[in-house]
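Participant: Data file protein.cif (mmCIF, C-alpha atoms) is appended below.
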data_model
loop_
_atom_site.label_atom_id
_atom_site.label_comp_id
_atom_site.auth_asym_id
_atom_site.auth_seq_id
_atom_site.Cartn_x
_atom_site.Cartn_y
_atom_site.Cartn_z
CA MET S 209 35.13 -35.37 85.16
CA LYS S 210 33.12 -32.60 83.50
CA LYS S 211 32.95 -34.58 80.28
CA ILE S 212 31.66 -37.65 82.13
CA LEU S 213 28.95 -35.59 83.84
CA ALA S 214 28.01 -34.05 80.50
CA LEU S 215 27.76 -37.52 78.94
CA ILE S 216 25.52 -38.76 81.77
CA SER S 217 23.21 -35.77 81.38
CA ILE S 218 23.07 -36.23 77.61
CA LEU S 219 22.19 -39.91 77.91
CA ALA S 220 19.54 -39.12 80.52
CA ILE S 221 17.65 -36.79 78.21
CA LEU S 222 18.33 -38.75 75.03
CA PRO S 223 14.80 -40.25 74.76
CA LEU S 224 13.32 -36.76 75.06
CA ILE S 225 15.55 -34.85 72.67
CA SER S 226 16.10 -37.44 69.96
CA ALA S 227 12.37 -37.54 69.20
CA GLN S 228 12.21 -33.79 68.53
CA PHE S 229 12.99 -33.95 64.83
CA THR S 230 11.86 -35.54 61.59
CA VAL S 231 14.21 -37.39 59.26
CA SER S 232 13.05 -36.33 55.78
CA GLU S 233 15.80 -38.34 54.07
CA MET S 234 18.16 -41.11 55.14
CA GLU S 235 20.48 -42.38 52.42
CA LEU S 236 23.27 -44.95 52.55
CA THR S 237 25.64 -45.10 49.58
CA VAL S 238 27.58 -48.39 49.52
CA TYR S 239 31.00 -48.59 47.88
CA THR S 240 32.71 -51.70 46.49
CA ASP S 241 35.27 -51.77 49.33
CA GLY S 242 32.54 -51.96 52.00
CA TYR S 243 32.64 -48.33 53.06
CA VAL S 244 29.25 -46.61 53.36
CA LYS S 245 28.45 -42.92 53.11
CA VAL S 246 25.70 -42.12 55.62
CA HIS S 247 23.58 -39.07 54.84
CA TYR S 248 20.70 -37.61 56.85
CA GLN S 249 18.46 -34.66 56.06
CA ILE S 250 16.71 -33.63 59.26
CA ILE S 251 13.90 -31.17 59.99
CA PRO S 252 14.20 -30.00 63.64
CA ASP S 253 11.17 -29.50 65.82
CA GLU S 254 10.31 -25.81 66.00
CA TYR S 255 11.16 -25.74 69.73
CA SER S 256 14.34 -27.83 69.56
CA SER S 257 17.68 -26.19 70.31
CA GLN S 258 19.68 -29.38 69.78
CA ILE S 259 19.42 -32.80 68.17
CA ILE S 260 20.99 -36.05 69.35
CA LEU S 261 21.72 -38.53 66.57
CA PRO S 262 23.32 -41.96 67.03
CA PHE S 263 26.20 -42.99 64.76
CA LEU S 264 25.79 -46.05 62.56
CA GLY S 265 28.91 -47.99 63.56
CA GLU S 266 31.70 -47.12 65.96
CA ASN S 267 34.14 -45.70 63.41
CA TYR S 268 33.44 -42.73 61.17
CA GLU S 269 35.34 -40.38 58.87
CA GLY S 270 34.66 -37.08 57.13
CA LEU S 271 31.86 -35.96 59.47
CA ALA S 272 30.08 -32.85 58.15
CA VAL S 273 27.11 -31.02 59.71
CA VAL S 274 25.61 -28.06 57.83
CA ASP S 275 22.32 -26.14 57.53
CA GLU S 276 20.15 -25.62 54.45
CA ASN S 277 22.56 -22.92 53.21
CA ASN S 278 25.58 -25.22 53.60
CA ASN S 279 26.78 -23.24 56.63
CA PRO S 280 28.57 -25.37 59.28
CA LEU S 281 26.68 -26.06 62.51
CA ASN S 282 28.25 -26.56 65.93
CA PHE S 283 28.24 -30.08 67.31
CA GLU S 284 29.82 -32.27 69.98
CA ILE S 285 30.46 -36.01 70.09
CA TYR S 286 29.55 -38.04 73.18
CA ASP S 287 30.18 -41.77 73.15
CA LYS S 288 28.34 -43.09 70.06
CA HIS S 289 26.14 -40.02 69.56
CA ILE S 290 26.52 -36.61 67.97
CA VAL S 291 24.87 -33.61 69.64
CA ILE S 292 23.98 -30.95 67.05
CA TYR S 293 23.20 -27.38 68.07
CA VAL S 294 20.44 -26.33 65.69
CA GLY S 295 20.51 -22.54 66.08
CA GLU S 296 18.32 -20.98 63.38
CA ALA S 297 18.65 -23.89 60.95
CA GLN S 298 15.45 -25.09 59.26
CA ILE S 299 17.16 -28.16 57.81
CA VAL S 300 20.16 -30.05 59.23
CA ASP S 301 22.31 -32.03 56.82
CA VAL S 302 24.61 -34.70 58.34
CA SER S 303 27.04 -36.94 56.44
CA TYR S 304 29.98 -39.23 57.25
CA TYR S 305 31.67 -42.44 56.10
CA THR S 306 31.84 -45.72 58.04
CA PRO S 307 33.13 -49.26 57.34
CA ASP S 308 31.25 -50.79 60.26
CA ILE S 309 27.82 -51.66 58.84
CA THR S 310 28.99 -54.04 56.10
CA TYR S 311 30.80 -57.37 56.26
CA LYS S 312 31.88 -59.99 53.74
CA GLU S 313 31.64 -63.79 53.82
CA GLY S 314 33.20 -65.41 50.76
CA LEU S 315 31.83 -63.55 47.75
CA VAL S 316 28.76 -62.22 49.55
CA TRP S 317 28.62 -58.75 51.11
CA THR S 318 25.92 -57.87 53.67
CA ILE S 319 24.87 -54.47 54.96
CA ASN S 320 23.04 -54.36 58.32
CA VAL S 321 21.11 -51.25 59.40
CA SER S 322 18.82 -50.54 62.33
CA SER S 323 16.66 -47.47 61.79
CA ASP S 324 13.46 -45.91 63.11
CA PHE S 325 12.84 -44.38 59.69
CA PRO S 326 12.55 -45.66 56.11
CA PHE S 327 15.86 -45.33 54.29
CA ASN S 328 17.44 -45.66 50.85
CA ILE S 329 20.38 -47.95 50.14
CA ILE S 330 22.34 -47.16 46.98
CA LEU S 331 24.27 -50.27 45.99
CA PRO S 332 27.25 -50.31 43.61
CA GLU S 333 26.18 -50.51 39.97
CA ASN S 334 27.67 -53.99 39.62
CA ALA S 335 25.88 -55.35 42.71
CA VAL S 336 23.51 -58.34 42.45
CA VAL S 337 21.10 -58.76 45.38
CA VAL S 338 20.94 -62.31 46.74
CA ASP S 339 18.93 -61.85 49.96
CA LEU S 340 16.69 -59.31 51.71
CA SER S 341 15.47 -59.22 55.31
CA GLU S 342 12.13 -57.77 54.25
CA VAL S 343 10.20 -56.71 51.17
CA PRO S 344 11.45 -53.26 50.04
CA LEU S 345 9.12 -50.30 49.90
CA LYS S 346 10.54 -49.33 46.51
CA ILE S 347 13.18 -50.43 44.01
CA ALA S 348 14.61 -48.16 41.32
CA SER S 349 17.70 -49.43 39.51
CA ASN S 350 20.37 -49.88 42.21
CA VAL S 351 18.43 -47.85 44.83
CA ILE S 352 16.42 -49.89 47.34
CA THR S 353 14.06 -48.24 49.85
CA MET S 354 13.72 -50.29 53.03
CA PRO S 355 11.12 -49.90 55.80
CA PRO S 356 12.06 -49.03 59.41
CA GLY S 357 13.48 -51.74 61.65
CA ASN S 358 16.48 -54.05 61.67
CA GLN S 359 17.16 -54.58 57.98
CA SER S 360 19.83 -56.34 55.95
CA ILE S 361 20.66 -56.71 52.27
CA SER S 362 23.10 -59.29 50.92
CA TYR S 363 24.69 -58.86 47.53
CA THR S 364 27.58 -59.95 45.34
CA LEU S 365 29.72 -57.83 43.02
CA GLU S 366 30.09 -58.75 39.37
CA PHE S 367 33.27 -57.52 37.71
CA LYS S 368 32.85 -56.90 34.01
CA GLU S 369 35.29 -58.44 31.55
CA THR S 370 36.06 -57.42 27.97
CA PRO S 371 33.15 -58.78 25.93
CA THR S 372 33.83 -61.45 23.32
CA GLU S 373 31.63 -62.31 20.36
CA GLU S 374 30.32 -65.35 22.22
CA GLY S 375 29.73 -63.32 25.38
CA GLN S 376 27.77 -60.70 23.46
CA SER S 377 25.49 -63.40 22.08
CA TYR S 378 24.55 -64.42 25.62
CA SER S 379 24.34 -60.91 27.10
CA LYS S 380 20.87 -60.27 25.68
CA TYR S 381 19.54 -63.06 27.93
CA LEU S 382 21.10 -61.76 31.14
CA LEU S 383 18.66 -58.90 31.83
CA PRO S 384 15.46 -61.00 31.57
CA LEU S 385 17.11 -63.72 33.65
CA GLY S 386 18.13 -61.18 36.30
CA ILE S 387 14.57 -59.83 36.47
CA LEU S 388 13.17 -63.35 36.92
CA VAL S 389 15.67 -64.09 39.69
CA PHE S 390 14.77 -60.86 41.48
CA ILE S 391 11.02 -61.57 41.23
CA LEU S 392 11.67 -65.02 42.71
CA LEU S 393 13.68 -63.42 45.53
CA ILE S 394 10.86 -61.00 46.35
CA SER S 395 8.37 -63.91 46.37
CA ILE S 396 10.52 -65.79 48.87
CA VAL S 397 10.76 -62.74 51.13
CA LEU S 398 7.00 -62.23 50.93
CA ALA S 399 6.38 -65.81 51.95
CA ARG S 400 8.89 -65.49 54.80
CA ASN S 401 7.58 -62.22 56.15
CA ARG S 402 3.83 -62.31 56.34
CA ARG S 403 3.38 -59.13 58.34
CA LYS S 404 0.07 -57.38 57.98
CA GLU S 405 -1.01 -53.79 58.54
CA PRO S 406 -3.35 -53.19 61.50
CA LYS S 407 -6.82 -54.43 60.65
CA ARG S 408 -9.25 -51.61 59.96
CA THR S 409 -11.75 -52.59 62.62
CA GLU S 410 -13.98 -49.99 64.15
CA VAL S 411 -13.19 -48.73 67.63
CA HIS S 412 -16.45 -48.36 69.57
CA ILE S 413 -16.47 -44.85 71.02
CA ASP S 414 -19.50 -42.94 72.25
CA LYS S 415 -19.56 -39.81 70.06
CA GLU S 416 -21.28 -37.53 72.56
CA GLU S 417 -18.97 -38.64 75.36
CA PHE S 418 -15.90 -38.04 73.20
CA LEU S 419 -17.03 -34.56 72.08
CA LYS S 420 -17.72 -33.65 75.68
CA LYS S 421 -14.23 -34.78 76.64
CA LEU S 422 -12.66 -32.59 73.94
CA GLU S 423 -14.05 -29.48 75.62
CA SER S 424 -11.62 -29.97 78.53
CA PHE S 425 -8.58 -29.79 76.20
CA ASN S 426 -7.00 -26.71 74.69
CA LEU S 427 -7.01 -27.90 71.07
CA ASN S 428 -6.29 -25.91 67.94
CA GLU S 429 -8.49 -26.11 64.84
CA ASP S 430 -6.36 -28.74 63.04
CA GLU S 431 -6.25 -31.00 66.11
CA ARG S 432 -10.01 -30.82 66.55
CA ARG S 433 -10.65 -31.47 62.85
CA ALA S 434 -8.27 -34.42 62.89
CA LEU S 435 -9.98 -36.02 65.89
CA LEU S 436 -13.45 -35.53 64.40
CA TYR S 437 -12.29 -37.00 61.09
CA ILE S 438 -10.89 -40.10 62.82
CA LEU S 439 -14.11 -40.38 64.83
CA GLU S 440 -16.19 -40.34 61.62
CA LYS S 441 -13.92 -43.08 60.20
CA GLY S 442 -14.86 -45.40 63.04
CA GLY S 443 -12.13 -44.39 65.52
CA ARG S 444 -9.06 -45.37 63.45
CA ALA S 445 -7.36 -43.98 60.34
CA SER S 446 -3.91 -43.88 58.78
CA GLN S 447 -1.79 -40.77 59.32
CA ALA S 448 -1.51 -40.27 55.56
CA GLU S 449 -5.30 -40.39 55.22
CA VAL S 450 -5.77 -37.72 57.91
CA ARG S 451 -3.04 -35.51 56.37
CA THR S 452 -4.72 -35.69 52.98
CA ALA S 453 -8.17 -34.93 54.38
CA LEU S 454 -6.94 -31.92 56.37
CA GLU S 455 -4.49 -30.77 53.65
CA ILE S 456 -1.62 -30.25 56.08
CA PRO S 457 2.15 -30.90 55.60
CA LYS S 458 3.71 -34.17 56.76
CA THR S 459 5.89 -32.55 59.46
CA THR S 460 2.96 -30.50 60.82
CA ALA S 461 0.82 -33.65 61.02
CA TRP S 462 3.61 -35.62 62.72
CA ARG S 463 3.95 -32.99 65.46
CA MET S 464 0.17 -32.76 65.85
CA PHE S 465 -0.23 -36.52 66.35
CA LYS S 466 2.61 -36.49 68.90
CA ARG S 467 0.86 -33.73 70.88
CA LEU S 468 -2.45 -35.58 70.79
CA GLU S 469 -0.74 -38.79 71.92
CA LYS S 470 0.88 -37.01 74.88
CA GLN S 471 -2.54 -35.70 75.91
CA GLY S 472 -3.92 -39.23 75.88
CA LEU S 473 -6.43 -38.60 73.10
CA VAL S 474 -4.96 -40.96 70.52
CA LYS S 475 -2.73 -43.99 70.26
CA ILE S 476 -0.19 -44.20 67.41
CA ILE S 477 0.10 -47.72 65.97
CA LYS S 478 3.23 -48.42 63.91
CA GLY S 479 2.56 -50.29 60.68
CA ARG S 480 5.03 -51.79 58.23
CA LYS S 481 4.44 -49.09 55.61
CA GLU S 482 2.68 -46.33 57.53
CA ASN S 483 1.46 -45.39 61.00
CA TRP S 484 -2.15 -45.47 62.13
CA VAL S 485 -3.95 -43.28 64.67
CA GLU S 486 -6.58 -44.66 67.01
CA LEU S 487 -8.80 -42.65 69.34
CA LYS S 488 -8.61 -43.25 73.08
CA LEU S 489 -10.92 -42.43 75.98
#
Take the structure I supplied and represent it as structure tokens, if you would.
Facilitator:
Amino acid sequence: MKKILALISILAILPLISAQFTVSEMELTVYTDGYVKVHYQIIPDEYSSQIILPFLGENYEGLAVVDENNNPLNFEIYDKHIVIYVGEAQIVDVSYYTPDITYKEGLVWTINVSSDFPFNIILPENAVVVDLSEVPLKIASNVITMPPGNQSISYTLEFKETPTEEGQSYSKYLLPLGILVFILLISIVLARNRRKEPKRTEVHIDKEEFLKKLESFNLNEDERRALLYILEKGGRASQAEVRTALEIPKTTAWRMFKRLEKQGLVKIIKGRKENWVELKL
């Protein structure tokens, strides 16, 4: 009974707690048998005492939760979530293995992932990509960086045979051909997913009225500078642009924008590659 009550309380505060951290790295290493190693590197909010993280898949093995010094952290498992007690940790490192996010149809494997953050998928070295749900943010060898959202990658596995003299004569053509096929695949995905970033249109805000409104808020120097910068940019700017202008770290900026959004001063607009911040009255 106590465990049920604890689960209900955890689920009730899940939307509040789960947002109090930043995922600095999310990496999925795919093995040839369909198993996937899931790895998170998380930066807790400075006021967070615990983090709630959903599992990818229902089955998991080899769960490990450590801090930046590789010291184990306390955690509990409720339903399909893990509750991590942060303590004094500055970085939380979570890893486990699961077979639940891949499936195979014929010769084609597919990995399906739903994430609120960009993530890297490390495919087996002998994998050949045959379909993508969306254009990747980055591709480096067998590492593909996908944007947030419901994403999938389909691939086949090529098993190498002992090369013959005839096979070696054709092998020099395989790499250029593979590059051409991949470029064609990206072109198809681009044509299929014509999603645009928010248009950079000016938001009409009375400057004097907005400055007068700021006086009623208890803002720190960075928050005030950020709002004035966005105002000078016509009322809308990307988060990366504001961070660069103010010369502040990514995690500091993320927390600042969240505070400003809660106070009703800005609206955060999610883009495909980056978020935008728009002033509100």
Participant: Applying 12 Å and all atoms listed in the file, which residues near Phe465 of chain S remain after dropping the ones on its own chain fewer than 5 positions away? List them as a PDB file with C-alpha atoms, in the coordinates of the input.
Facilitator:
ATOM      1  CA  LEU S 427      -7.010 -27.900  71.070  1.00  0.00           C
ATOM      2  CA  ASP S 430      -6.360 -28.740  63.040  1.00  0.00           C
ATOM      3  CA  GLU S 431      -6.250 -31.000  66.110  1.00  0.00           C
ATOM      4  CA  ARG S 432     -10.010 -30.820  66.550  1.00  0.00           C
ATOM      5  CA  ALA S 434      -8.270 -34.420  62.890  1.00  0.00           C
ATOM      6  CA  LEU S 435      -9.980 -36.020  65.890  1.00  0.00           C
ATOM      7  CA  ILE S 438     -10.890 -40.100  62.820  1.00  0.00           C
ATOM      8  CA  ALA S 445      -7.360 -43.980  60.340  1.00  0.00           C
ATOM      9  CA  SER S 446      -3.910 -43.880  58.780  1.00  0.00           C
ATOM     10  CA  GLN S 447      -1.790 -40.770  59.320  1.00  0.00           C
ATOM     11  CA  ALA S 448      -1.510 -40.270  55.560  1.00  0.00           C
ATOM     12  CA  VAL S 450      -5.770 -37.720  57.910  1.00  0.00           C
ATOM     13  CA  ARG S 451      -3.040 -35.510  56.370  1.00  0.00           C
ATOM     14  CA  LYS S 458       3.710 -34.170  56.760  1.00  0.00           C
ATOM     15  CA  THR S 459       5.890 -32.550  59.460  1.00  0.00           C
ATOM     16  CA  THR S 460       2.960 -30.500  60.820  1.00  0.00           C
ATOM     17  CA  LYS S 470       0.880 -37.010  74.880  1.00  0.00           C
ATOM     18  CA  GLN S 471      -2.540 -35.700  75.910  1.00  0.00           C
ATOM     19  CA  GLY S 472      -3.920 -39.230  75.880  1.00  0.00           C
ATOM     20  CA  LEU S 473      -6.430 -38.600  73.100  1.00  0.00           C
ATOM     21  CA  VAL S 474      -4.960 -40.960  70.520  1.00  0.00           C
ATOM     22  CA  LYS S 475      -2.730 -43.990  70.260  1.00  0.00           C
ATOM     23  CA  ILE S 476      -0.190 -44.200  67.410  1.00  0.00           C
ATOM     24  CA  ILE S 477       0.100 -47.720  65.970  1.00  0.00           C
ATOM     25  CA  ASN S 483       1.460 -45.390  61.000  1.00  0.00           C
ATOM     26  CA  TRP S 484      -2.150 -45.470  62.130  1.00  0.00           C
ATOM     27  CA  VAL S 485      -3.950 -43.280  64.670  1.00  0.00           C
ATOM     28  CA  GLU S 486      -6.580 -44.660  67.010  1.00  0.00           C
ATOM     29  CA  LEU S 487      -8.800 -42.650  69.340  1.00  0.00           C
TER      30      LEU S 487
END
Participant: Atom CA of Val321 of chain S and atom CA of Asn358 of chain S, how far apart in Å?
Facilitator: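 Taking atom CA of Asn358 of chain S and atom CA of Val321 of chain S, their separation equals 5.9 Å.
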Participant: Given all atoms listed in the file as the basis, pick out the residue of S:Glu235, S:Asp241, S:Glu296, S:Asp301 nearest to Trp317 of chain S.
Facilitator: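 Among S:Glu235, S:Asp241, S:Glu296, S:Asp301, it is S:Asp241 that comes nearest to Trp317 of chain S.
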Participant: Give as a ChimeraX atom specification the residues that the PyMOL selection byres ((chain S and resi 336) around 9) matches when applied to the coordinates above.
Facilitator: /S:331-335,337-338,362-366,386
Participant: Which residues, named as in the file, does the PyMOL selection byres ((chain S and resi 356) around 10) pick out? Answer as a ChimeraX atom specification.
Facilitator: /S:321-327,353-355,357-359,478-482
Participant: With N, CA, C and O atoms retained, output segment 436-452 of chain S as a CSV table (one decimal), in the first residue's frame.
Facilitator:
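File result37.csv, as written:
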chain,number,residue,atom,x,y,z
S,436,LEU,N,16.4,43.1,-22.7
S,436,LEU,CA,16.6,44.3,-23.5
S,436,LEU,C,17.3,43.9,-24.9
S,436,LEU,O,17.0,44.5,-25.9
S,437,TYR,N,18.1,42.9,-24.9
S,437,TYR,CA,18.7,42.4,-26.1
S,437,TYR,C,17.6,41.9,-27.1
S,437,TYR,O,17.6,42.3,-28.3
S,438,ILE,N,16.7,41.1,-26.6
S,438,ILE,CA,15.6,40.6,-27.4
S,438,ILE,C,14.7,41.7,-27.9
S,438,ILE,O,14.3,41.7,-29.0
S,439,LEU,N,14.5,42.7,-27.0
S,439,LEU,CA,13.7,43.9,-27.4
S,439,LEU,C,14.4,44.6,-28.6
S,439,LEU,O,13.7,45.0,-29.6
S,440,GLU,N,15.7,44.8,-28.5
S,440,GLU,CA,16.4,45.5,-29.6
S,440,GLU,C,16.4,44.7,-30.9
S,440,GLU,O,16.5,45.2,-32.0
S,441,LYS,N,16.2,43.3,-30.8
S,441,LYS,CA,16.2,42.5,-32.0
S,441,LYS,C,14.8,42.4,-32.6
S,441,LYS,O,14.5,41.5,-33.4
S,442,GLY,N,13.9,43.2,-32.1
S,442,GLY,CA,12.5,43.2,-32.6
S,442,GLY,C,11.6,42.4,-31.9
S,442,GLY,O,10.4,42.1,-32.3
S,443,GLY,N,11.9,41.9,-30.7
S,443,GLY,CA,11.0,41.1,-29.8
S,443,GLY,C,11.2,39.6,-29.9
S,443,GLY,O,10.5,38.9,-29.2
S,444,ARG,N,12.1,39.1,-30.8
S,444,ARG,CA,12.3,37.7,-30.9
S,444,ARG,C,13.8,37.4,-31.3
S,444,ARG,O,14.3,38.1,-32.1
S,445,ALA,N,14.3,36.4,-30.6
S,445,ALA,CA,15.7,36.0,-30.9
S,445,ALA,C,15.9,34.5,-30.5
S,445,ALA,O,15.1,34.0,-29.7
S,446,SER,N,16.9,33.8,-31.1
S,446,SER,CA,17.2,32.5,-30.7
S,446,SER,C,17.9,32.4,-29.4
S,446,SER,O,18.6,33.4,-29.0
S,447,GLN,N,17.7,31.3,-28.7
S,447,GLN,CA,18.4,31.2,-27.4
S,447,GLN,C,19.9,31.2,-27.6
S,447,GLN,O,20.6,31.8,-26.7
S,448,ALA,N,20.4,30.6,-28.6
S,448,ALA,CA,21.8,30.6,-28.8
S,448,ALA,C,22.4,32.0,-29.1
S,448,ALA,O,23.5,32.3,-28.6
S,449,GLU,N,21.6,32.8,-29.8
S,449,GLU,CA,22.0,34.2,-30.1
S,449,GLU,C,22.1,35.0,-28.8
S,449,GLU,O,23.0,35.8,-28.6
S,450,VAL,N,21.1,34.8,-27.9
S,450,VAL,CA,21.1,35.6,-26.7
S,450,VAL,C,22.3,35.1,-25.8
S,450,VAL,O,23.0,35.9,-25.2
S,451,ARG,N,22.5,33.8,-25.7
S,451,ARG,CA,23.6,33.2,-24.9
S,451,ARG,C,25.0,33.8,-25.4
S,451,ARG,O,25.8,34.2,-24.6
S,452,THR,N,25.2,33.9,-26.7
S,452,THR,CA,26.4,34.4,-27.3
S,452,THR,C,26.6,35.9,-26.9
S,452,THR,O,27.7,36.3,-26.6
